[in-house]
Structure formats: C-alpha cells, structure tokens
Amino acid sequence: MTATPPPLAVHGLTLGYGDRVVLKDVAFTVKRGEIFIIMGGSGSGKSTVLRHVIGLGEPVKGAVFYGGVDFTTATADERNAILRRIGVLFQSGALWTSMTLLENVALPLEEYTDLTPGEIRDVASLKLDLVGLPGFEDYYPSEVSGGMQKRAALARAIALDPDVLLFDEPSAGLDPVSSRHLDDLILQLRDSLGATIVVVTHELASILAIGDDSIFLDADTRTAIAGGSPKELLAQSTDPRVLRFLTRGAEGAPGGRTNG
Amino acid sequence: MELTEQATFAVGSDAGNGALSIRLSGAWTLRRGLPSAERIEHEIAARRPSAVVFEVHELGAWDSALVTFLRHIEALCTRHHVAMHREALPAGVQRLLALAGAVREQPSVRRVSSRMPRVARLGTAALDLAANGVRTVTFIGDVTLATGRFVRGTARFRFRDLAVLVQECGARALPIVTLISVLVGMILAFVGAVQLERFGAQIYVADLVGVAMVREMGCIMTGIIMAGRTGSGFAAQIGTMQVTQEVDALTTLGIPAVDFLVLPRIVALCVMMPVLCVYADVLGIGGGAMVGTGMLDLTLPQYVHETASAITFTSLAAGVGKSVVFGALVGIAGCLRGMQAGRSSAAVGDAATSAVVTGIVLIIAADGVFAVLFNMLGI
Ligand SMILES: Nc1ncnc2c1ncn2[C@@H]1O[C@H](COP(=O)(O)OP(=O)(O)OP(=O)(O)O)[C@@H](O)[C@H]1O
Ligand SMILES: [Mg+2]
C-alpha cells in the first residue's frame, strides 16, 4: 500500500454503556478532504459513535485509527497529540459558561500555540467572524441565543485549524437560512483549509447538500445498515428503513416501495 | 535548512504602478507563530502606495495564521485608504477573507466595559447591593407565602423529593455529626478538667460539658456542619438547575420554584436539625464522659448523675428550639444563593461558597440574638 493512510478509519467498533450494547460492528473509512455523514434516527447511537471516536468512551471492541495510528491503544501522550489535530463540536455546544465567547475560542490557542495575546485575540476574532459572530467577542454564552452559542462552539472547534473536524448536529436549533449558511461554511472550511469533516446529523437537506459519503445507523438492529454517497443511497437503496429516512417517511412506508 | 519553513515576508515596490508588493514565503501556520506586520504599516505610511499587492510563489503551508495576518494588513489599508489586491492569494485564503469580512450581525449594544470610573463603579456596587437586598427580601417573602401554602397543604411539591431530602439531611449527616460532637465533647471536658482539677472540683466537668453541649455547642455545631455539607449542596444543585434552565421549565409549567425546590429543602432541614441536635448533645456528653472517666477519677454513674442534675428541660428545649431556627436559616441561605446564581459554572461555585458563608454568619448572629433574648426572659 503506497497511498497515505486515511485521516480517520473505524474498524469493527462495538459500543455500549455499562452492560448495554448500543451498536455492533460499525466500520467506516473517511477519506481526506471528504465530508462524511453519520445519519440515523434519534437514539440510533450517532452521538455514541462520536464520543468513542474522540476517546470519551472506551469501545467494547474494535479500533479507531487516525492517519494510520491506532487511537484505541495509544498512550496518553500520543492521544493528546492526535486530539490536538481534531476539532469537536458537541451536540449541546458545551461552551465554557464562565468565559466570554472570545475566551472560549482563545483557550485552545493559548494552550497549544506560542502566539502573543494580541495575535491570539486576532485569530480568535477571525474565527468568530467566520461563523458570523463579529462584535460578540465579549459576550458570555448565556447572553447570546442558542443558535449563536452553536456557532461560537463551531468557532472554538476550528480554533486550531484541525485536520479532522467532528460535528454533532451542527444545524440543530438553527433557522433554515442559518442552517444553509452553516452548510456553506462547512463546505468552505473543507475547501479552504482542506479539513476532513465528519458530521452527525439528521437534517435531510444538509445530508444531501454536503455529504460525500455516509453511514446509516439503525436503532433496532443496532448496526450500520447502509453506507455510501447519500445522493446515491436515495436513488438506489432498496432498504425501506433507509428510504423512509431519506424521504421523510414518504417511501418505504406501507404501500410504498419495499425491499425486494 | 529550516529557513524556507519560517513564515517571512519581504516588502518591495512594484515597478511602474507605484504599488507596494509583499512577498510571502515559508510556512504560515499557527504553530509557528506570526511575523510582526509593523514594518508594513511603516512602509504604507511612508510610501503612500497606490495599492498593496501580494506575491505568493514561495508561500508554503498556510492556515488561519496567514488569514489573520492578511486581515491585519487589510485593516491597515482601509485606514490609509489604500486598495488591497487579493487576486494573487491562494483561492482558499480569498474565500476565507471574504467569509470573515461579510459582516451580518452586529450586537445592538456593545457590552459595557468593566473599566468604569471609580465613582461609577461605587454607584454600580451600591445599586447592586440594593437590588440584591430587594431580591433577598422578595425571596424571604416568597418562602413565607410558600410556608403558608405548605401549612394549608396546597404547596406544590412531591413528597418523594421531601423523603429523599430528609434522608439526605438526616441519616447521611450522621457520621460527620458523630465525629464532630464526640470531639467537641472531649475538648470541652479536657479544657474544663485542667482548670477544675486545681480546685478539686473535677465533678463539675460533667456540668460544664452537659450545659455547654445542650445549650450551645450541640445546635451550633450541627448548624455549621449542615451549612457546610447541605447548604452548599442546595446552592450548587439549584444553581446548576438555573444554568440548565430547569428552573425555567418549572416556572413555565406554572409550578413555583419556591414551592417545588426551596420549600422541601427548608422543611427537611427544620425537621432533621432538632433530631441531629439531640443526637449531637448525647454524643457530646458521651465524649465528655470518656475524658471524665478516663482522665479524672470519676465513675460513670457519678458522671451521669451529675450531668442529669445539671441539665434542665428548659435548656434542652432552648437548644433544640434554636436548632430548628438554624436549620431554617441554613436552608434559606442555601436556596437563596442557588436561586440568585448566575448562569455560568463559576457562578454556581460562587453560590455554593456564599451559601456556606451566609449560613454560618446567620447562625452565629442568630445565636447572639437568642443569648440576649434568653437573658432578658431569665431562661
Ligand atoms: N451516558 C449514557 N449512558 C447510558 N446510555 C446512554 C448514554 N448516552 C446514550 N445512551 C443510550 O445510547 C443510545 C444511543 O444514544 P445516542 O445519544 O448516541 O443517540 P443519537 O443517535 O445521538 O440520538 P439523537 O439524534 O437523539 O442525538 C440511546 O439508546 C441512549 O439511551
Ligand atoms: Mg445525539
């Protein structure tokens, strides 16, 4: 194999909380510069996959590779080195409530770069401007709207210009226009910074607009039941569960196209 | 050589058209840091070029660091009314600059800077204090009304919550109350023994420990323990519920937060404090007896008899009565600080700290008031 290893690869991941297995045998590979969608209904384990991929939980079985390095068995130092190249946007935003938006974005820069305080301020302001929050530097998270918190959290996720960006429901809680704008922003980030992006979402419009590749998780069978380009899935999939999801219940319902 | 890797720029003039050209080279990344743009500012101010252009043939890797630097130059150009030509820059950089430059949302009001003149700060502090006072009085009023509803049986809370809270304030507090009361009893006995032994009046150690525990130490020590372990817990819990909007969720359901959250906590403390106080009294006297029988030549029956004759029902009732009041004060202080907490994690920490301080101050102050009252009433 001469090709460079993919930025993120997941092999045979079995995940659970305590004794309860939430997902079995999940495997996918994300190619460089690609936008990869993890989709599925509510409670199908999308956030769970994300948590385990960034090491917030130990998988029951399987392994996660970043650029060919096994993250699951890595030492604490190796893990930190990998994590520094990853940006995460949590489902709830998870901004630090006792810091201003600027301080939230500046913290990773203060910790991991040698920039001067003035430069850090400039870079952090740039990130806030990029997500459409100019002038809100000195606001606290509780003083801005939910959607603005989400965007500030996105600014924090991209603070260090990470190689791999992981977003959990980035457009949940945003109006359709902002949501569209966020999709554009994600595409821009990918195109201009060359980041590889994994998005957890069930926003159909987003999935079809930005997804290059995807995996579909199913709560009942507790596995990934489909994968591939979302547009092709919509056109070619014969699985009623996938079709029902991608057509908002219009297809695959009783009377609709069935598996066959 | 690393030279090509370091982010640098060279300033030159474009032949003919009077533009300032900036040649970027090396790796412009956050990790490597940024060169200072000061020289460019000088050049622009000195040469007054017709425009600023870029040469990027030697530019290596780049990320937001370069974009930040360019934004800085863009600001300089705007200030000096010089055009900046972005065309030569990498496409990604141009896109990011355009994206960042597109201002969509401006806050209606800029935040007030924290650097106000001294007089203004004094005034703000005074207003804050007044507002805080009003909130405190309002809260006490709310609690009083809720207590009225509780007595009439119309307050809206769940008995299941109350049961859990009673357990938390009572049974769970026993170990620490045990430890502290036995130690306090022993310390009192030690101090008394040293003094009284000189007059051959060792037997009065029992009186000293008994009266001190029952009238003062029992209720004060349990009050302080509860302020530390339970009052702070109440403040932290209610404060967190403010942060996560759980209190708002209750309010929108038409359930008064004071009924649902505050009342059961205060009731639980008022119910359990007297019990804990009597428990502390007994253990404190036990601690005194250990020292009395172990260090002095007293027998256990002697000690018990002397204690029993020293303690009156009135002093026991006074101690237990005070403990009910202390319980209410600790509960009110904890819940008040929680309800007043700001919506950040640091504010929750402050609320917990402040609940303990307020609780202890209130206990000591109330005890002083009781001392004066009891003295006037001759108890
Ligand atoms: N901390 C936890 N402890 C135990 N079980 C959990 C925990 N978090 C999630 N689960 C369970 O794991 C399953 C998957 O949850 P997860 O949060 O990953 O869903 P999701 O696909 O992200 O859903 P949504 O779209 O609603 O965010 C659910 O059945 C949930 O009950
Ligand atoms: Mg989720």
# chains A, B, ... in the order shown; residues from 1 in each chain; ligands from 1
call {"tool": "residues_near_ligand", "arguments": {"ligand": "ligand 2", "cutoff": "8 Å", "atoms": "only C-alpha atoms and all ligand atoms", "output": "VMD selection string"}}
result
chain A and resid 42 to 43 45 to 48 91 168 to 169 200
call {"tool": "interface_residues", "arguments": {"of": "chain B", "to": "chain A", "cutoff": "6 Å", "atoms": "only C-alpha atoms", "output": "list in words"}}
result
Arg31, Gly33, Thr68, Gly92, Leu99, Ala100, Ser344, Ser345 and Ala346 of chain B
call {"tool": "write_last_selection", "arguments": {"atoms": "N, CA, C and O atoms", "output": "compact mmCIF listing (two decimals), in the first residue's frame"}}
result
# COMPACT_ATOMS: atom_id res chain seq x y z
N ARG B 31 1.05 27.18 14.54
CA ARG B 31 2.05 26.53 15.37
C ARG B 31 3.38 27.26 15.36
O ARG B 31 4.12 27.25 16.32
N GLY B 33 3.81 30.56 14.68
CA GLY B 33 3.75 31.97 15.07
C GLY B 33 3.77 32.88 13.86
O GLY B 33 4.01 32.46 12.74
N THR B 68 -5.28 35.68 9.39
CA THR B 68 -5.25 36.71 10.43
C THR B 68 -4.31 37.84 10.05
O THR B 68 -4.64 39.02 10.17
N GLY B 92 -8.23 29.53 -1.45
CA GLY B 92 -8.78 29.27 -0.12
C GLY B 92 -8.69 30.48 0.78
O GLY B 92 -9.63 30.81 1.51
N LEU B 99 -15.37 35.41 3.55
CA LEU B 99 -16.32 34.88 4.54
C LEU B 99 -16.24 35.67 5.84
O LEU B 99 -17.25 36.06 6.42
N ALA B 100 -15.01 35.92 6.27
CA ALA B 100 -14.84 36.63 7.54
C ALA B 100 -15.25 38.08 7.42
O ALA B 100 -15.74 38.68 8.37
N SER B 344 -23.61 30.56 34.90
CA SER B 344 -22.33 30.01 34.44
C SER B 344 -21.80 29.07 35.51
O SER B 344 -22.23 29.12 36.66
N SER B 345 -20.86 28.22 35.11
CA SER B 345 -20.34 27.25 36.06
C SER B 345 -19.64 27.94 37.22
O SER B 345 -19.74 27.51 38.37
N ALA B 346 -18.95 29.05 36.95
CA ALA B 346 -18.26 29.76 38.03
C ALA B 346 -19.29 30.34 39.00
O ALA B 346 -19.07 30.33 40.22
call {"tool": "residues_around", "arguments": {"residues": "A:Ile207", "least_positions_apart": "3", "cutoff": "7 Å", "atoms": "only C-alpha atoms", "output": "PDB file with N, CA and C atoms, in the first residue's frame"}}
result
ATOM      1  N   ILE A  37     -20.989  11.716   6.508  1.00  0.00           N
ATOM      2  CA  ILE A  37     -22.190  11.908   7.323  1.00  0.00           C
ATOM      3  C   ILE A  37     -22.487  10.648   8.127  1.00  0.00           C
ATOM      4  N   GLU A 203     -30.537  16.164   9.511  1.00  0.00           N
ATOM      5  CA  GLU A 203     -31.119  17.179   8.638  1.00  0.00           C
ATOM      6  C   GLU A 203     -30.983  16.694   7.200  1.00  0.00           C
ATOM      7  N   LEU A 204     -32.105  16.315   6.616  1.00  0.00           N
ATOM      8  CA  LEU A 204     -32.067  15.777   5.257  1.00  0.00           C
ATOM      9  C   LEU A 204     -31.397  16.712   4.267  1.00  0.00           C
ATOM     10  N   ILE A 210     -24.313  18.348   1.415  1.00  0.00           N
ATOM     11  CA  ILE A 210     -22.866  18.375   1.664  1.00  0.00           C
ATOM     12  C   ILE A 210     -22.217  17.004   1.747  1.00  0.00           C
ATOM     13  N   GLY A 211     -23.009  15.937   1.886  1.00  0.00           N
ATOM     14  CA  GLY A 211     -22.403  14.639   2.156  1.00  0.00           C
ATOM     15  C   GLY A 211     -21.719  14.013   0.954  1.00  0.00           C
ATOM     16  N   PRO A 230     -24.872   9.815   0.012  1.00  0.00           N
ATOM     17  CA  PRO A 230     -26.293   9.972   0.348  1.00  0.00           C
ATOM     18  C   PRO A 230     -27.167  10.107  -0.886  1.00  0.00           C
TER      19      PRO A 230
END
call {"tool": "closest_residue", "arguments": {"among": "B:Val278, B:Gly223, B:Gly338, B:Leu97", "to": "B:Val361", "atoms": "only C-alpha atoms"}}
result
B:Gly223
call {"tool": "residues_around", "arguments": {"residues": "stretch 1-17 of chain A", "least_positions_apart": "2", "cutoff": "6 Å", "atoms": "only C-alpha atoms", "output": "ChimeraX atom specification"}}
result
/A:20-32,59-68
call {"tool": "closest_residue", "arguments": {"among": "A:Val199, A:Ala209, A:Ala226, A:Ala153", "to": "ligand 1", "atoms": "only C-alpha atoms and all ligand atoms"}}
result
A:Val199
call {"tool": "residues_around", "arguments": {"residues": "B:Asp281", "least_positions_apart": "3", "cutoff": "8 Å", "atoms": "only C-alpha atoms", "output": "ChimeraX atom specification"}}
result
/B:181,210,213-214,217-218,277-278,284-285
call {"tool": "residues_around", "arguments": {"residues": "A:Ile82", "least_positions_apart": "5", "cutoff": "10 Å", "atoms": "only C-alpha atoms", "output": "list in words"}}
result
Ile54, Tyr66, Gly67, Val69, Phe71, Ala74, Ala76, Asp77, Asp163 and Val164 of chain A
call {"tool": "residues_around", "arguments": {"residues": "A:Val198", "least_positions_apart": "3", "cutoff": "6 Å", "atoms": "only C-alpha atoms", "output": "PyMOL selection string"}}
result
chain A and resi 35-37+166
call {"tool": "write_last_selection", "arguments": {"atoms": "N, CA and C atoms", "output": "mmCIF file, in the first residue's frame"}}
result
data_model
loop_
_atom_site.group_PDB
_atom_site.id
_atom_site.type_symbol
_atom_site.label_atom_id
_atom_site.label_comp_id
_atom_site.auth_asym_id
_atom_site.auth_seq_id
_atom_site.Cartn_x
_atom_site.Cartn_y
_atom_site.Cartn_z
ATOM 1 N N ILE A 35 -16.480 15.026 3.218
ATOM 2 C CA ILE A 35 -17.470 15.275 4.267
ATOM 3 C C ILE A 35 -18.261 13.994 4.458
ATOM 4 N N PHE A 36 -18.109 13.412 5.636
ATOM 5 C CA PHE A 36 -18.685 12.109 5.922
ATOM 6 C C PHE A 36 -19.858 12.291 6.880
ATOM 7 N N ILE A 37 -20.989 11.716 6.508
ATOM 8 C CA ILE A 37 -22.190 11.908 7.323
ATOM 9 C C ILE A 37 -22.487 10.648 8.127
ATOM 10 N N LEU A 166 -15.135 17.093 13.805
ATOM 11 C CA LEU A 166 -16.270 16.222 14.099
ATOM 12 C C LEU A 166 -17.405 17.085 14.621
#
call {"tool": "select_by_dssp", "arguments": {"residues": "stretch 128-246 of chain A", "states": "strand (DSSP E or B)", "output": "short mmCIF file (atom, residue, chain, number, x, y, z; two decimals) with N, CA and C atoms, in the first residue's frame"}}
result
data_model
loop_
_atom_site.label_atom_id
_atom_site.label_comp_id
_atom_site.auth_asym_id
_atom_site.auth_seq_id
_atom_site.Cartn_x
_atom_site.Cartn_y
_atom_site.Cartn_z
N VAL A 164 -9.04 17.10 11.26
CA VAL A 164 -10.31 16.38 11.26
C VAL A 164 -11.29 17.14 12.14
N LEU A 165 -12.46 17.42 11.59
CA LEU A 165 -13.49 18.12 12.36
C LEU A 165 -14.66 17.18 12.57
N LEU A 166 -15.13 17.09 13.81
CA LEU A 166 -16.27 16.22 14.10
C LEU A 166 -17.41 17.09 14.62
N PHE A 167 -18.52 17.08 13.95
CA PHE A 167 -19.66 17.92 14.34
C PHE A 167 -20.83 17.05 14.75
N ASP A 168 -21.38 17.29 15.94
CA ASP A 168 -22.59 16.59 16.35
C ASP A 168 -23.77 17.54 16.19
N THR A 196 -10.84 17.44 6.93
CA THR A 196 -11.71 16.29 6.73
C THR A 196 -12.82 16.43 7.77
N ILE A 197 -14.07 16.26 7.34
CA ILE A 197 -15.16 16.61 8.23
C ILE A 197 -16.14 15.45 8.41
N VAL A 198 -16.44 15.14 9.66
CA VAL A 198 -17.44 14.12 9.97
C VAL A 198 -18.62 14.84 10.60
N VAL A 199 -19.80 14.68 10.03
CA VAL A 199 -20.98 15.38 10.54
C VAL A 199 -22.02 14.37 10.97
N VAL A 200 -22.45 14.48 12.22
CA VAL A 200 -23.59 13.69 12.69
C VAL A 200 -24.81 14.54 12.49
N ASP A 213 -19.95 10.98 1.56
CA ASP A 213 -20.04 9.57 1.91
C ASP A 213 -20.83 9.52 3.21
N SER A 214 -21.34 8.35 3.56
CA SER A 214 -22.15 8.31 4.77
C SER A 214 -22.24 6.90 5.33
N ILE A 215 -22.79 6.84 6.54
CA ILE A 215 -23.12 5.56 7.13
C ILE A 215 -24.47 5.75 7.79
N PHE A 216 -25.31 4.73 7.71
CA PHE A 216 -26.66 4.85 8.26
C PHE A 216 -26.80 3.89 9.44
N LEU A 217 -27.05 4.44 10.64
CA LEU A 217 -27.18 3.60 11.83
C LEU A 217 -28.66 3.33 12.09
N ASP A 218 -28.93 2.13 12.58
CA ASP A 218 -30.31 1.75 12.83
C ASP A 218 -30.46 1.31 14.29
N THR A 223 -26.95 -1.79 14.31
CA THR A 223 -25.77 -1.82 13.45
C THR A 223 -25.91 -0.75 12.38
N ALA A 224 -24.84 -0.65 11.56
CA ALA A 224 -24.92 0.21 10.39
C ALA A 224 -25.56 -0.62 9.30
N ILE A 225 -26.69 -0.12 8.74
CA ILE A 225 -27.38 -0.94 7.75
C ILE A 225 -27.15 -0.45 6.33
N ALA A 226 -26.51 0.71 6.16
CA ALA A 226 -26.23 1.19 4.80
C ALA A 226 -25.08 2.16 4.84
N GLY A 227 -24.51 2.41 3.67
CA GLY A 227 -23.41 3.37 3.58
C GLY A 227 -23.22 3.80 2.15
#
call {"tool": "select_by_dssp", "arguments": {"residues": "stretch 170-202 of chain A", "states": "helix (DSSP H, G or I)", "output": "VMD selection string"}}
result
chain A and resid 176 to 193
call {"tool": "write_last_selection", "arguments": {"atoms": "all heavy atoms", "output": "compact mmCIF listing (two decimals), in the first residue's frame"}}
result
# COMPACT_ATOMS: atom_id res chain seq x y z
N PRO A 176 -33.71 27.81 9.02
CA PRO A 176 -33.32 27.21 7.73
C PRO A 176 -32.22 28.00 7.02
O PRO A 176 -31.32 27.42 6.41
CB PRO A 176 -34.61 27.24 6.91
CG PRO A 176 -35.70 27.31 7.91
CD PRO A 176 -35.16 28.02 9.10
N VAL A 177 -32.29 29.34 7.11
CA VAL A 177 -31.28 30.14 6.42
C VAL A 177 -29.92 29.98 7.09
O VAL A 177 -28.91 29.72 6.43
CB VAL A 177 -31.71 31.62 6.38
CG1 VAL A 177 -30.64 32.45 5.70
CG2 VAL A 177 -33.03 31.77 5.67
N SER A 178 -29.88 30.09 8.43
CA SER A 178 -28.62 29.92 9.15
C SER A 178 -28.08 28.51 8.93
O SER A 178 -26.89 28.30 8.82
CB SER A 178 -28.82 30.13 10.64
OG SER A 178 -29.36 31.38 10.89
N SER A 179 -29.00 27.56 8.88
CA SER A 179 -28.62 26.17 8.70
C SER A 179 -27.95 25.98 7.35
O SER A 179 -26.90 25.33 7.23
CB SER A 179 -29.88 25.33 8.85
OG SER A 179 -29.64 24.04 8.44
N ARG A 180 -28.53 26.62 6.34
CA ARG A 180 -27.96 26.59 5.00
C ARG A 180 -26.59 27.27 5.00
O ARG A 180 -25.63 26.78 4.42
CB ARG A 180 -28.94 27.32 4.08
CG ARG A 180 -28.46 27.59 2.69
CD ARG A 180 -28.55 26.33 1.84
NE ARG A 180 -27.71 26.47 0.68
CZ ARG A 180 -28.05 27.13 -0.41
NH1 ARG A 180 -29.25 27.66 -0.49
NH2 ARG A 180 -27.22 27.24 -1.42
N HIS A 181 -26.52 28.39 5.72
CA HIS A 181 -25.27 29.13 5.80
C HIS A 181 -24.18 28.28 6.46
O HIS A 181 -23.02 28.29 6.05
CB HIS A 181 -25.49 30.41 6.60
CG HIS A 181 -24.25 31.21 6.78
ND1 HIS A 181 -23.72 31.99 5.77
CD2 HIS A 181 -23.40 31.34 7.83
CE1 HIS A 181 -22.62 32.55 6.19
NE2 HIS A 181 -22.39 32.19 7.44
N LEU A 182 -24.61 27.51 7.47
CA LEU A 182 -23.65 26.65 8.16
C LEU A 182 -23.14 25.57 7.22
O LEU A 182 -21.95 25.24 7.22
CB LEU A 182 -24.32 26.03 9.38
CG LEU A 182 -23.35 25.41 10.37
CD1 LEU A 182 -22.73 26.50 11.21
CD2 LEU A 182 -24.06 24.42 11.25
N ASP A 183 -24.04 25.00 6.41
CA ASP A 183 -23.62 24.02 5.42
C ASP A 183 -22.56 24.62 4.49
O ASP A 183 -21.53 24.00 4.21
CB ASP A 183 -24.81 23.55 4.58
CG ASP A 183 -25.71 22.61 5.35
OD1 ASP A 183 -25.28 22.18 6.44
OD2 ASP A 183 -26.82 22.33 4.88
N ASP A 184 -22.84 25.86 4.04
CA ASP A 184 -21.88 26.54 3.17
C ASP A 184 -20.55 26.70 3.89
O ASP A 184 -19.49 26.48 3.32
CB ASP A 184 -22.40 27.93 2.77
CG ASP A 184 -23.57 27.82 1.81
OD1 ASP A 184 -23.75 26.72 1.26
OD2 ASP A 184 -24.28 28.82 1.63
N LEU A 185 -20.65 27.09 5.17
CA LEU A 185 -19.44 27.31 5.95
C LEU A 185 -18.63 26.02 6.05
O LEU A 185 -17.40 26.03 5.89
CB LEU A 185 -19.83 27.81 7.35
CG LEU A 185 -18.68 28.10 8.30
CD1 LEU A 185 -17.80 29.19 7.72
CD2 LEU A 185 -19.22 28.52 9.65
N ILE A 186 -19.34 24.91 6.28
CA ILE A 186 -18.65 23.63 6.38
C ILE A 186 -17.94 23.31 5.07
O ILE A 186 -16.77 22.89 5.06
CB ILE A 186 -19.64 22.51 6.77
CG1 ILE A 186 -20.13 22.75 8.21
CG2 ILE A 186 -19.01 21.14 6.64
CD1 ILE A 186 -21.20 21.80 8.65
N LEU A 187 -18.63 23.56 3.96
CA LEU A 187 -18.00 23.33 2.66
C LEU A 187 -16.79 24.24 2.46
O LEU A 187 -15.74 23.80 1.99
CB LEU A 187 -19.02 23.58 1.54
CG LEU A 187 -20.11 22.52 1.38
CD1 LEU A 187 -21.17 22.99 0.42
CD2 LEU A 187 -19.49 21.20 0.90
N GLN A 188 -16.95 25.50 2.84
CA GLN A 188 -15.84 26.46 2.72
C GLN A 188 -14.63 26.01 3.53
O GLN A 188 -13.50 26.09 3.07
CB GLN A 188 -16.27 27.84 3.23
CG GLN A 188 -17.36 28.49 2.42
CD GLN A 188 -16.80 29.21 1.21
OE1 GLN A 188 -15.65 29.05 0.87
NE2 GLN A 188 -17.65 29.98 0.55
N LEU A 189 -14.90 25.57 4.75
CA LEU A 189 -13.80 25.14 5.63
C LEU A 189 -13.07 23.97 5.00
O LEU A 189 -11.84 23.90 5.02
CB LEU A 189 -14.34 24.73 7.00
CG LEU A 189 -14.83 25.86 7.89
CD1 LEU A 189 -15.44 25.31 9.16
CD2 LEU A 189 -13.68 26.80 8.22
N ARG A 190 -13.85 23.07 4.45
CA ARG A 190 -13.24 21.91 3.81
C ARG A 190 -12.40 22.38 2.61
O ARG A 190 -11.24 22.02 2.46
CB ARG A 190 -14.34 20.95 3.36
CG ARG A 190 -13.85 19.61 2.91
CD ARG A 190 -13.71 19.48 1.41
NE ARG A 190 -14.88 19.88 0.67
CZ ARG A 190 -15.78 19.03 0.20
NH1 ARG A 190 -15.68 17.76 0.46
NH2 ARG A 190 -16.78 19.47 -0.53
N ASP A 191 -12.99 23.24 1.78
CA ASP A 191 -12.30 23.66 0.56
C ASP A 191 -11.10 24.54 0.85
O ASP A 191 -10.06 24.41 0.22
CB ASP A 191 -13.26 24.40 -0.37
CG ASP A 191 -14.35 23.48 -0.87
OD1 ASP A 191 -14.16 22.26 -0.75
OD2 ASP A 191 -15.38 23.97 -1.35
N SER A 192 -11.23 25.47 1.83
CA SER A 192 -10.11 26.38 2.03
C SER A 192 -9.05 25.82 2.95
O SER A 192 -7.87 26.07 2.75
CB SER A 192 -10.60 27.74 2.50
OG SER A 192 -11.85 27.67 3.09
N LEU A 193 -9.44 25.11 3.98
CA LEU A 193 -8.43 24.60 4.91
C LEU A 193 -8.08 23.14 4.66
O LEU A 193 -7.18 22.60 5.28
CB LEU A 193 -8.91 24.77 6.35
CG LEU A 193 -9.01 26.23 6.82
CD1 LEU A 193 -9.71 26.28 8.18
CD2 LEU A 193 -7.63 26.86 6.93
call {"tool": "atom_distance", "arguments": {"atom1": "atom CA of A:Leu95", "atom2": "atom CA of A:Arg156"}}
result
8.4 Å
call {"tool": "closest_residue", "arguments": {"among": "A:Met148, A:Ala172, A:Ala106, A:Val88", "to": "ligand 1", "atoms": "only C-alpha atoms and all ligand atoms"}}
result
A:Ala172
call {"tool": "closest_residue", "arguments": {"among": "A:Lys150, A:Gly57, A:Ala157, A:Ala205", "to": "A:Val105", "atoms": "only C-alpha atoms"}}
result
A:Ala157
